[in-house]
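File shown: final21.txt. Contents: compact mmCIF, C-alpha atoms.
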# COMPACT_ATOMS: atom_id res chain seq x y z
CA MET B 1 9.57 2.21 0.77
CA LEU B 2 13.20 3.21 1.23
CA THR B 3 12.44 6.71 -0.09
CA MET B 4 9.63 7.09 2.45
CA ILE B 5 11.91 5.94 5.29
CA VAL B 6 14.64 8.42 4.33
CA ALA B 7 12.19 11.31 3.87
CA ALA B 8 10.41 10.56 7.16
CA SER B 9 13.76 10.22 8.96
CA LEU B 10 14.80 13.65 7.74
CA GLY B 11 11.44 15.04 8.84
CA CYS B 12 11.85 13.49 12.29
CA LEU B 13 15.35 14.98 12.59
CA PHE B 14 13.94 18.39 11.67
CA PHE B 15 11.49 18.28 14.58
CA ILE B 16 13.89 16.70 17.06
CA ARG B 17 16.45 19.45 16.31
CA ILE B 18 13.87 22.06 17.38
CA ASP B 19 13.97 20.69 20.92
CA PHE B 20 15.68 17.40 21.62
CA LYS B 21 13.94 16.71 24.93
CA SER B 22 10.35 17.52 23.98
CA TYR B 23 10.23 16.36 20.39
CA GLY B 24 12.63 13.50 21.15
CA LEU B 25 10.28 12.21 23.85
CA LEU B 26 7.27 12.55 21.55
CA PHE B 27 9.23 10.71 18.85
CA LEU B 28 10.13 7.83 21.19
CA ILE B 29 6.60 7.44 22.56
CA SER B 30 5.03 7.52 19.09
CA MET B 31 7.65 5.17 17.64
CA VAL B 32 7.26 2.57 20.39
CA SER B 33 3.46 2.77 20.42
CA ALA B 34 3.20 2.59 16.60
CA ASN B 35 5.45 -0.48 16.41
CA LEU B 36 3.69 -2.14 19.33
CA LEU B 37 0.22 -1.53 17.86
CA CYS B 38 1.31 -2.67 14.41
CA TYR B 39 2.85 -5.82 15.86
CA LEU B 40 -0.29 -6.54 17.92
CA PHE B 41 -2.47 -6.11 14.83
CA ILE B 42 -0.21 -8.46 12.87
CA ILE B 43 -0.21 -11.22 15.49
CA SER B 44 -3.99 -10.76 15.85
CA GLY B 45 -4.28 -11.55 12.14
CA PHE B 46 -5.75 -8.19 11.08
CA TYR B 47 -3.17 -7.51 8.37
CA THR B 48 0.20 -8.71 7.13
CA TYR B 49 3.24 -7.52 5.24
CA PRO B 50 3.79 -10.53 2.95
CA ASN B 51 6.59 -8.96 0.90
CA ASN B 52 8.62 -7.09 3.52
CA VAL B 53 11.70 -6.61 1.34
CA LEU B 54 13.69 -4.15 3.46
CA HIS B 55 13.14 -5.91 6.76
CA GLY B 56 13.85 -9.54 5.94
CA ASP B 57 12.21 -11.99 8.31
CA LEU B 58 10.65 -9.32 10.54
CA ARG B 59 6.87 -9.42 10.47
CA LEU B 60 6.49 -5.65 10.24
CA PRO B 61 8.23 -2.85 8.31
CA TYR B 62 10.03 -1.53 11.36
CA GLY B 63 11.89 1.21 9.49
CA LEU B 64 8.75 2.66 7.92
CA ILE B 65 6.67 2.45 11.10
CA SER B 66 9.53 3.90 13.20
CA THR B 67 9.91 6.97 11.02
CA LEU B 68 6.72 7.78 9.14
CA ILE B 69 4.23 7.54 12.03
CA PRO B 70 6.38 9.61 14.46
CA PHE B 71 6.96 12.17 11.70
CA ILE B 72 3.21 12.55 11.17
CA VAL B 73 2.66 12.78 14.94
CA MET B 74 5.32 15.48 15.39
CA PHE B 75 4.13 17.40 12.31
CA SER B 76 0.53 17.26 13.51
CA VAL B 77 1.32 18.31 17.08
CA ARG B 78 3.52 21.20 15.94
CA TYR B 79 1.14 22.63 13.34
CA SER B 80 -2.35 21.70 14.56
CA PRO B 81 -4.52 24.77 15.17
CA GLU B 82 -5.10 25.96 18.72
CA LYS B 83 -8.89 25.58 18.78
CA TRP B 84 -10.59 22.22 18.46
CA VAL B 85 -13.02 23.58 15.89
CA TRP B 86 -10.01 23.84 13.52
CA LYS B 87 -8.08 20.83 14.83
CA ILE B 88 -10.81 18.49 13.56
CA PRO B 89 -10.53 19.58 9.88
CA PHE B 90 -6.74 19.57 10.21
CA TYR B 91 -6.69 15.97 11.45
CA TRP B 92 -9.38 15.03 8.97
CA ALA B 93 -6.99 15.91 6.15
CA VAL B 94 -4.02 14.20 7.87
CA ILE B 95 -5.99 10.99 8.41
CA HIS B 96 -7.39 10.97 4.88
CA MET B 97 -3.85 11.18 3.53
CA GLY B 98 -2.79 8.29 5.80
CA VAL B 99 -5.68 6.08 4.72
CA LEU B 100 -4.93 6.94 1.08
CA GLY B 101 -1.38 5.74 1.75
CA GLU B 102 -2.78 2.46 3.10
CA VAL B 103 -4.93 2.00 0.00
CA ILE B 104 -1.89 2.59 -2.20
CA LEU B 105 0.17 0.09 -0.14
CA LYS B 106 -2.73 -2.36 -0.23
CA GLY B 107 -2.52 -2.28 -4.03
CA THR B 108 1.07 -3.55 -3.84
CA SER B 109 2.45 -6.87 -2.65
CA ILE B 110 3.82 -5.18 0.49
CA PHE B 111 0.65 -4.83 2.56
CA LYS B 112 -2.44 -7.05 2.85
CA PHE B 113 -5.63 -6.70 4.90
CA GLU B 114 -6.93 -9.95 6.29
CA ALA B 115 -10.64 -10.83 6.45
CA GLU B 116 -11.10 -9.35 9.94
CA TRP B 117 -9.80 -5.89 8.97
CA ASP B 118 -10.85 -3.19 6.53
CA LEU B 119 -10.31 0.48 5.78
CA TRP B 120 -13.05 1.57 8.16
CA ASP B 121 -11.16 -0.08 11.04
CA SER B 122 -7.98 1.74 10.00
CA TYR B 123 -9.79 5.04 9.60
CA THR B 124 -11.35 4.80 13.05
CA LEU B 125 -8.13 3.79 14.76
CA TRP B 126 -6.14 6.55 13.04
CA TRP B 127 -8.59 9.07 14.49
CA ILE B 128 -8.16 7.66 17.99
CA TYR B 129 -4.37 7.40 17.64
CA TYR B 130 -3.76 10.91 16.35
CA LEU B 131 -6.22 12.61 18.70
CA LEU B 132 -4.63 10.85 21.67
CA PHE B 133 -1.25 12.06 20.49
CA GLU B 134 -2.67 15.56 20.04
CA LEU B 135 -3.62 15.49 23.73
CA LEU B 136 -0.31 13.93 24.80
CA GLY B 137 1.69 16.23 22.54
CA GLY B 138 -0.06 19.22 24.11
CA LYS B 139 1.38 18.11 27.45
CA ILE B 140 4.88 17.28 26.16
CA ILE B 141 5.49 20.10 23.67
CA PRO B 142 5.35 23.58 25.22
CA ALA B 143 3.30 26.23 23.42
CA GLN B 144 6.39 28.18 22.38
CA LEU B 145 7.68 25.14 20.47
CA ARG B 146 4.48 24.78 18.45
CA LYS B 147 3.49 26.74 15.35
CA PRO B 148 -0.26 26.26 15.08
CA ILE B 149 -1.94 27.10 11.83
CA THR B 150 -4.06 30.16 12.49
CA ALA B 151 -7.83 29.93 12.51
CA ASP B 152 -7.84 32.66 9.89
CA ALA B 153 -6.01 30.32 7.46
CA PHE B 154 -9.02 27.95 7.58
CA ARG B 155 -11.48 30.64 6.57
CA TYR B 156 -13.12 30.53 3.14
CA GLY B 157 -10.63 30.94 0.29
CA ARG B 158 -7.50 30.97 2.45
CA TRP B 159 -4.57 28.58 1.91
CA ALA B 160 -5.48 26.04 4.66
CA TRP B 161 -9.12 26.03 3.53
CA ILE B 162 -8.03 25.31 -0.05
CA ILE B 163 -5.57 22.55 0.91
CA PHE B 164 -8.07 20.95 3.31
CA HIS B 165 -10.81 20.90 0.69
CA ILE B 166 -8.56 19.54 -2.03
CA ILE B 167 -7.37 16.69 0.22
CA VAL B 168 -10.78 15.78 1.59
CA ILE B 169 -12.73 16.09 -1.67
CA VAL B 170 -10.15 14.15 -3.69
CA THR B 171 -9.81 11.39 -1.09
CA ILE B 172 -13.59 11.04 -0.69
CA PHE B 173 -13.90 10.83 -4.49
CA LEU B 174 -11.13 8.20 -4.58
CA ALA B 175 -12.84 6.31 -1.74
CA GLY B 176 -15.98 6.15 -3.86
CA ILE B 177 -14.00 4.73 -6.75
CA TYR B 178 -12.30 2.26 -4.40
CA VAL B 179 -15.65 1.07 -3.03
CA GLY B 180 -17.06 0.73 -6.53
CA VAL B 181 -14.07 -1.25 -7.74
CA THR B 182 -13.99 -3.56 -4.71
CA VAL B 183 -17.76 -4.15 -4.59
CA PHE B 184 -18.13 -4.83 -8.31
CA ALA B 185 -14.83 -6.67 -8.82

Kindly present the structure from the file in structure tokens form.
Amino acid sequence: MLTMIVAASLGCLFFIRIDFKSYGLLFLISMVSANLLCYLFIISGFYTYPNNVLHGDLRLPYGLISTLIPFIVMFSVRYSPEKWVWKIPFYWAVIHMGVLGEVILKGTSIFKFEAEWDLWDSYTLWWIYYLLFELLGGKIIPAQLRKPITADAFRYGRWAWIIFHIIVIVTIFLAGIYVGVTVFA
């Protein structure tokens, strides 16, 4: 967890150094909203962090939530394609990676879903969260401070097409294994 916090912190600093006001504001909004949502989900009994080693008695992994989620938001806003037809596959890959991270954490003693919560809930809320931040980020971050992946990169056989397909196909395959293991366990 400490490695993720350090890496995400460095990633956040990279984006904030591009433009302190714009990316700094996006960082603060995403950090506060991520921690608030996580805390609300915890007190609602949807999930817990039973072995929160780095954060002592706190109920949520503040360091991880305060760095990783804003990093993903800033990365996504900076590099998401201009047209929505390409933004959807871009966010599809981003969200699949996030849900894969949750499944990995769920397999440890750090993170636990409660009976009222499952991966489909997470998947749906990640879509809402990141698309709302795409819209908000479009208002906060001026076009000249963004580097959208070109639509051409998503065409058949190009680098974004290859990366997108690898992420989505592998995570869908792993989701099938996960469902099989959890249903028949």

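Taking CA of Trp161 (chain B) and CA of Glu102 (chain B) as the two end points, the separation is 24.4 Å.
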
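Remark: for Ser33 (chain B), the closest of the candidate residues B:Phe154, B:Phe71, B:Tyr79, B:Tyr129 is B:Tyr129 (distances computed over only C-alpha atoms).
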
- Note on the structure: CA of Asp118 (chain B) sits from CA of Val103 (chain B) at a separation of 10.2 Å

- Task: For Tyr123 (chain B), please output as a PyMOL selection string all residues within 9 Å (counting only C-alpha atoms; exclusion window: fewer than 6 positions along the same chain).
- Result: chain B and resi 95-96+98-99

- Item | Residue contacts of Ile167 (chain B) (12 Å, all atoms listed in the file) excluding same-chain residues fewer than 5 positions away, as a list in words | Pro89, Phe90, Tyr91, Trp92, Ala93, Val94, Ile95, His96, Met97, Gly98, Val99, Leu100, Ala160, Trp161, Ile162, Ile172, Phe173, Leu174 and Ala175 of chain B

- Write out as a list in words which residues come within 8 Å of Ile65 (chain B) when counting all atoms listed in the file, dropping same-chain ones fewer than 3 positions away. Met31, Ala34, Asn35, Pro61, Tyr62, Leu68, Ile69 and Pro70 of chain B

- Message: Just to confirm, what's the straight-line distance from CA of Ile141 (chain B) to CA of Ser66 (chain B) in Å (one decimal)?
- Response: 19.7 Å

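With only C-alpha atoms as the basis for measurement, B:Gln144 is the residue among B:Asn51, B:Gln144, B:Thr67, B:Thr182 that approaches Asp19 (chain B) most closely.
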
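Distances here use all atoms listed in the file; by that measure, the residue among B:Pro50, B:Pro142, B:Pro148, B:Pro81 closest to Thr108 (chain B) is B:Pro50.
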
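With all atoms listed in the file as the atoms that count, the minimum distance from Leu37 (chain B) to the choices B:Leu125, B:Ala143, B:Leu136, B:Met1 is reached by B:Leu125.
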
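Distance annotation: of B:Ala151, B:Ile163, B:Val170, B:Ile140, the residue with the minimal separation from Phe20 (chain B) is B:Ile140; atom set is all atoms listed in the file.
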
- Looking at all atoms listed in the file, which of B:Met74, B:Ala153, B:Leu119, B:Ile104 is the one that sits closest to Ile18 (chain B)? B:Met74

- Place a sphere of radius 12 Å on (5.1, -4.8, 10.7) in the file coordinates and name every protein, DNA or RNA residue with an atom inside or on its surface, counting all atoms listed in the file; give the answer as a PyMOL selection string. chain B and resi 34-43+45-66+110-112

Quick one: region 64-80 of chain B from the block, all heavy atoms, as a PDB file, in the first residue's frame.
ATOM      1  N   LEU B  64      -4.056   6.392   0.719  1.00  0.00           N
ATOM      2  CA  LEU B  64      -4.296   5.767  -0.584  1.00  0.00           C
ATOM      3  C   LEU B  64      -5.415   6.480  -1.337  1.00  0.00           C
ATOM      4  O   LEU B  64      -5.269   6.801  -2.517  1.00  0.00           O
ATOM      5  CB  LEU B  64      -4.633   4.287  -0.398  1.00  0.00           C
ATOM      6  CG  LEU B  64      -4.745   3.458  -1.670  1.00  0.00           C
ATOM      7  CD1 LEU B  64      -3.403   3.409  -2.400  1.00  0.00           C
ATOM      8  CD2 LEU B  64      -5.226   2.059  -1.351  1.00  0.00           C
ATOM      9  N   ILE B  65      -6.512   6.748  -0.655  1.00  0.00           N
ATOM     10  CA  ILE B  65      -7.652   7.422  -1.283  1.00  0.00           C
ATOM     11  C   ILE B  65      -7.270   8.842  -1.705  1.00  0.00           C
ATOM     12  O   ILE B  65      -7.683   9.317  -2.751  1.00  0.00           O
ATOM     13  CB  ILE B  65      -8.865   7.464  -0.311  1.00  0.00           C
ATOM     14  CG1 ILE B  65      -9.283   6.071   0.121  1.00  0.00           C
ATOM     15  CG2 ILE B  65     -10.032   8.229  -0.910  1.00  0.00           C
ATOM     16  CD1 ILE B  65      -9.780   5.187  -0.975  1.00  0.00           C
ATOM     17  N   SER B  66      -6.450   9.518  -0.904  1.00  0.00           N
ATOM     18  CA  SER B  66      -6.077  10.913  -1.176  1.00  0.00           C
ATOM     19  C   SER B  66      -5.060  11.076  -2.293  1.00  0.00           C
ATOM     20  O   SER B  66      -4.813  12.194  -2.737  1.00  0.00           O
ATOM     21  CB  SER B  66      -5.519  11.565   0.097  1.00  0.00           C
ATOM     22  OG  SER B  66      -6.499  11.598   1.090  1.00  0.00           O
ATOM     23  N   THR B  67      -4.452   9.979  -2.715  1.00  0.00           N
ATOM     24  CA  THR B  67      -3.448  10.085  -3.776  1.00  0.00           C
ATOM     25  C   THR B  67      -3.840   9.317  -5.037  1.00  0.00           C
ATOM     26  O   THR B  67      -3.776   9.853  -6.136  1.00  0.00           O
ATOM     27  CB  THR B  67      -2.077   9.588  -3.288  1.00  0.00           C
ATOM     28  OG1 THR B  67      -2.203   8.241  -2.810  1.00  0.00           O
ATOM     29  CG2 THR B  67      -1.524  10.477  -2.190  1.00  0.00           C
ATOM     30  N   LEU B  68      -4.275   8.075  -4.867  1.00  0.00           N
ATOM     31  CA  LEU B  68      -4.539   7.233  -6.030  1.00  0.00           C
ATOM     32  C   LEU B  68      -5.746   7.718  -6.841  1.00  0.00           C
ATOM     33  O   LEU B  68      -5.660   7.835  -8.065  1.00  0.00           O
ATOM     34  CB  LEU B  68      -4.732   5.773  -5.603  1.00  0.00           C
ATOM     35  CG  LEU B  68      -4.873   4.778  -6.755  1.00  0.00           C
ATOM     36  CD1 LEU B  68      -3.634   4.807  -7.644  1.00  0.00           C
ATOM     37  CD2 LEU B  68      -5.124   3.382  -6.234  1.00  0.00           C
ATOM     38  N   ILE B  69      -6.849   8.008  -6.179  1.00  0.00           N
ATOM     39  CA  ILE B  69      -8.052   8.441  -6.903  1.00  0.00           C
ATOM     40  C   ILE B  69      -7.811   9.779  -7.607  1.00  0.00           C
ATOM     41  O   ILE B  69      -8.108   9.905  -8.804  1.00  0.00           O
ATOM     42  CB  ILE B  69      -9.284   8.491  -5.970  1.00  0.00           C
ATOM     43  CG1 ILE B  69      -9.523   7.159  -5.276  1.00  0.00           C
ATOM     44  CG2 ILE B  69     -10.517   8.954  -6.733  1.00  0.00           C
ATOM     45  CD1 ILE B  69      -9.691   5.961  -6.177  1.00  0.00           C
ATOM     46  N   PRO B  70      -7.246  10.806  -6.928  1.00  0.00           N
ATOM     47  CA  PRO B  70      -6.957  12.051  -7.659  1.00  0.00           C
ATOM     48  C   PRO B  70      -5.975  11.853  -8.817  1.00  0.00           C
ATOM     49  O   PRO B  70      -6.112  12.493  -9.861  1.00  0.00           O
ATOM     50  CB  PRO B  70      -6.363  12.964  -6.588  1.00  0.00           C
ATOM     51  CG  PRO B  70      -6.934  12.465  -5.314  1.00  0.00           C
ATOM     52  CD  PRO B  70      -7.037  10.967  -5.493  1.00  0.00           C
ATOM     53  N   PHE B  71      -4.984  10.964  -8.632  1.00  0.00           N
ATOM     54  CA  PHE B  71      -4.061  10.696  -9.733  1.00  0.00           C
ATOM     55  C   PHE B  71      -4.808  10.148 -10.945  1.00  0.00           C
ATOM     56  O   PHE B  71      -4.600  10.602 -12.074  1.00  0.00           O
ATOM     57  CB  PHE B  71      -2.959   9.718  -9.309  1.00  0.00           C
ATOM     58  CG  PHE B  71      -2.163   9.207 -10.476  1.00  0.00           C
ATOM     59  CD1 PHE B  71      -1.275  10.042 -11.135  1.00  0.00           C
ATOM     60  CD2 PHE B  71      -2.331   7.913 -10.942  1.00  0.00           C
ATOM     61  CE1 PHE B  71      -0.562   9.587 -12.241  1.00  0.00           C
ATOM     62  CE2 PHE B  71      -1.620   7.452 -12.034  1.00  0.00           C
ATOM     63  CZ  PHE B  71      -0.728   8.298 -12.688  1.00  0.00           C
ATOM     64  N   ILE B  72      -5.693   9.177 -10.717  1.00  0.00           N
ATOM     65  CA  ILE B  72      -6.454   8.599 -11.830  1.00  0.00           C
ATOM     66  C   ILE B  72      -7.348   9.651 -12.469  1.00  0.00           C
ATOM     67  O   ILE B  72      -7.472   9.709 -13.698  1.00  0.00           O
ATOM     68  CB  ILE B  72      -7.262   7.367 -11.359  1.00  0.00           C
ATOM     69  CG1 ILE B  72      -6.314   6.257 -10.913  1.00  0.00           C
ATOM     70  CG2 ILE B  72      -8.181   6.863 -12.465  1.00  0.00           C
ATOM     71  CD1 ILE B  72      -6.996   5.108 -10.181  1.00  0.00           C
ATOM     72  N   VAL B  73      -7.961  10.511 -11.655  1.00  0.00           N
ATOM     73  CA  VAL B  73      -8.808  11.585 -12.187  1.00  0.00           C
ATOM     74  C   VAL B  73      -7.985  12.521 -13.058  1.00  0.00           C
ATOM     75  O   VAL B  73      -8.362  12.837 -14.193  1.00  0.00           O
ATOM     76  CB  VAL B  73      -9.509  12.362 -11.042  1.00  0.00           C
ATOM     77  CG1 VAL B  73     -10.103  13.667 -11.547  1.00  0.00           C
ATOM     78  CG2 VAL B  73     -10.585  11.506 -10.401  1.00  0.00           C
ATOM     79  N   MET B  74      -6.846  12.988 -12.557  1.00  0.00           N
ATOM     80  CA  MET B  74      -6.028  13.932 -13.326  1.00  0.00           C
ATOM     81  C   MET B  74      -5.474  13.279 -14.593  1.00  0.00           C
ATOM     82  O   MET B  74      -5.461  13.903 -15.658  1.00  0.00           O
ATOM     83  CB  MET B  74      -4.901  14.495 -12.458  1.00  0.00           C
ATOM     84  CG  MET B  74      -5.409  15.425 -11.368  1.00  0.00           C
ATOM     85  SD  MET B  74      -4.115  16.260 -10.422  1.00  0.00           S
ATOM     86  CE  MET B  74      -3.427  14.903  -9.491  1.00  0.00           C
ATOM     87  N   PHE B  75      -5.017  12.038 -14.487  1.00  0.00           N
ATOM     88  CA  PHE B  75      -4.534  11.303 -15.658  1.00  0.00           C
ATOM     89  C   PHE B  75      -5.646  11.200 -16.706  1.00  0.00           C
ATOM     90  O   PHE B  75      -5.425  11.471 -17.888  1.00  0.00           O
ATOM     91  CB  PHE B  75      -4.062   9.909 -15.233  1.00  0.00           C
ATOM     92  CG  PHE B  75      -3.702   9.019 -16.389  1.00  0.00           C
ATOM     93  CD1 PHE B  75      -2.419   9.045 -16.909  1.00  0.00           C
ATOM     94  CD2 PHE B  75      -4.635   8.167 -16.958  1.00  0.00           C
ATOM     95  CE1 PHE B  75      -2.075   8.226 -17.980  1.00  0.00           C
ATOM     96  CE2 PHE B  75      -4.315   7.353 -18.030  1.00  0.00           C
ATOM     97  CZ  PHE B  75      -3.022   7.383 -18.549  1.00  0.00           C
ATOM     98  N   SER B  76      -6.826  10.814 -16.260  1.00  0.00           N
ATOM     99  CA  SER B  76      -7.946  10.603 -17.175  1.00  0.00           C
ATOM    100  C   SER B  76      -8.379  11.902 -17.839  1.00  0.00           C
ATOM    101  O   SER B  76      -8.633  11.929 -19.044  1.00  0.00           O
ATOM    102  CB  SER B  76      -9.129   9.983 -16.426  1.00  0.00           C
ATOM    103  OG  SER B  76      -8.776   8.722 -15.907  1.00  0.00           O
ATOM    104  N   VAL B  77      -8.461  12.972 -17.073  1.00  0.00           N
ATOM    105  CA  VAL B  77      -8.866  14.257 -17.647  1.00  0.00           C
ATOM    106  C   VAL B  77      -7.817  14.753 -18.642  1.00  0.00           C
ATOM    107  O   VAL B  77      -8.159  15.243 -19.720  1.00  0.00           O
ATOM    108  CB  VAL B  77      -9.124  15.301 -16.537  1.00  0.00           C
ATOM    109  CG1 VAL B  77      -9.250  16.707 -17.099  1.00  0.00           C
ATOM    110  CG2 VAL B  77     -10.371  14.923 -15.744  1.00  0.00           C
ATOM    111  N   ARG B  78      -6.560  14.609 -18.312  1.00  0.00           N
ATOM    112  CA  ARG B  78      -5.500  15.105 -19.208  1.00  0.00           C
ATOM    113  C   ARG B  78      -5.442  14.323 -20.521  1.00  0.00           C
ATOM    114  O   ARG B  78      -5.254  14.903 -21.581  1.00  0.00           O
ATOM    115  CB  ARG B  78      -4.145  15.034 -18.516  1.00  0.00           C
ATOM    116  CG  ARG B  78      -2.998  15.542 -19.413  1.00  0.00           C
ATOM    117  CD  ARG B  78      -1.849  16.021 -18.616  1.00  0.00           C
ATOM    118  NE  ARG B  78      -0.664  16.286 -19.409  1.00  0.00           N
ATOM    119  CZ  ARG B  78      -0.343  17.456 -19.934  1.00  0.00           C
ATOM    120  NH1 ARG B  78      -1.149  18.478 -19.756  1.00  0.00           N
ATOM    121  NH2 ARG B  78       0.767  17.607 -20.612  1.00  0.00           N
ATOM    122  N   TYR B  79      -5.592  13.003 -20.459  1.00  0.00           N
ATOM    123  CA  TYR B  79      -5.356  12.189 -21.650  1.00  0.00           C
ATOM    124  C   TYR B  79      -6.612  11.642 -22.327  1.00  0.00           C
ATOM    125  O   TYR B  79      -6.497  10.994 -23.366  1.00  0.00           O
ATOM    126  CB  TYR B  79      -4.415  11.026 -21.307  1.00  0.00           C
ATOM    127  CG  TYR B  79      -3.047  11.517 -20.890  1.00  0.00           C
ATOM    128  CD1 TYR B  79      -2.619  11.404 -19.571  1.00  0.00           C
ATOM    129  CD2 TYR B  79      -2.192  12.116 -21.800  1.00  0.00           C
ATOM    130  CE1 TYR B  79      -1.382  11.870 -19.176  1.00  0.00           C
ATOM    131  CE2 TYR B  79      -0.947  12.587 -21.416  1.00  0.00           C
ATOM    132  CZ  TYR B  79      -0.547  12.462 -20.106  1.00  0.00           C
ATOM    133  OH  TYR B  79       0.683  12.929 -19.722  1.00  0.00           O
ATOM    134  N   SER B  80      -7.791  11.888 -21.776  1.00  0.00           N
ATOM    135  CA  SER B  80      -8.991  11.345 -22.418  1.00  0.00           C
ATOM    136  C   SER B  80      -9.179  11.969 -23.795  1.00  0.00           C
ATOM    137  O   SER B  80      -8.933  13.158 -23.986  1.00  0.00           O
ATOM    138  CB  SER B  80     -10.227  11.562 -21.548  1.00  0.00           C
ATOM    139  OG  SER B  80     -10.593  12.918 -21.534  1.00  0.00           O
TER     140      SER B  80
END
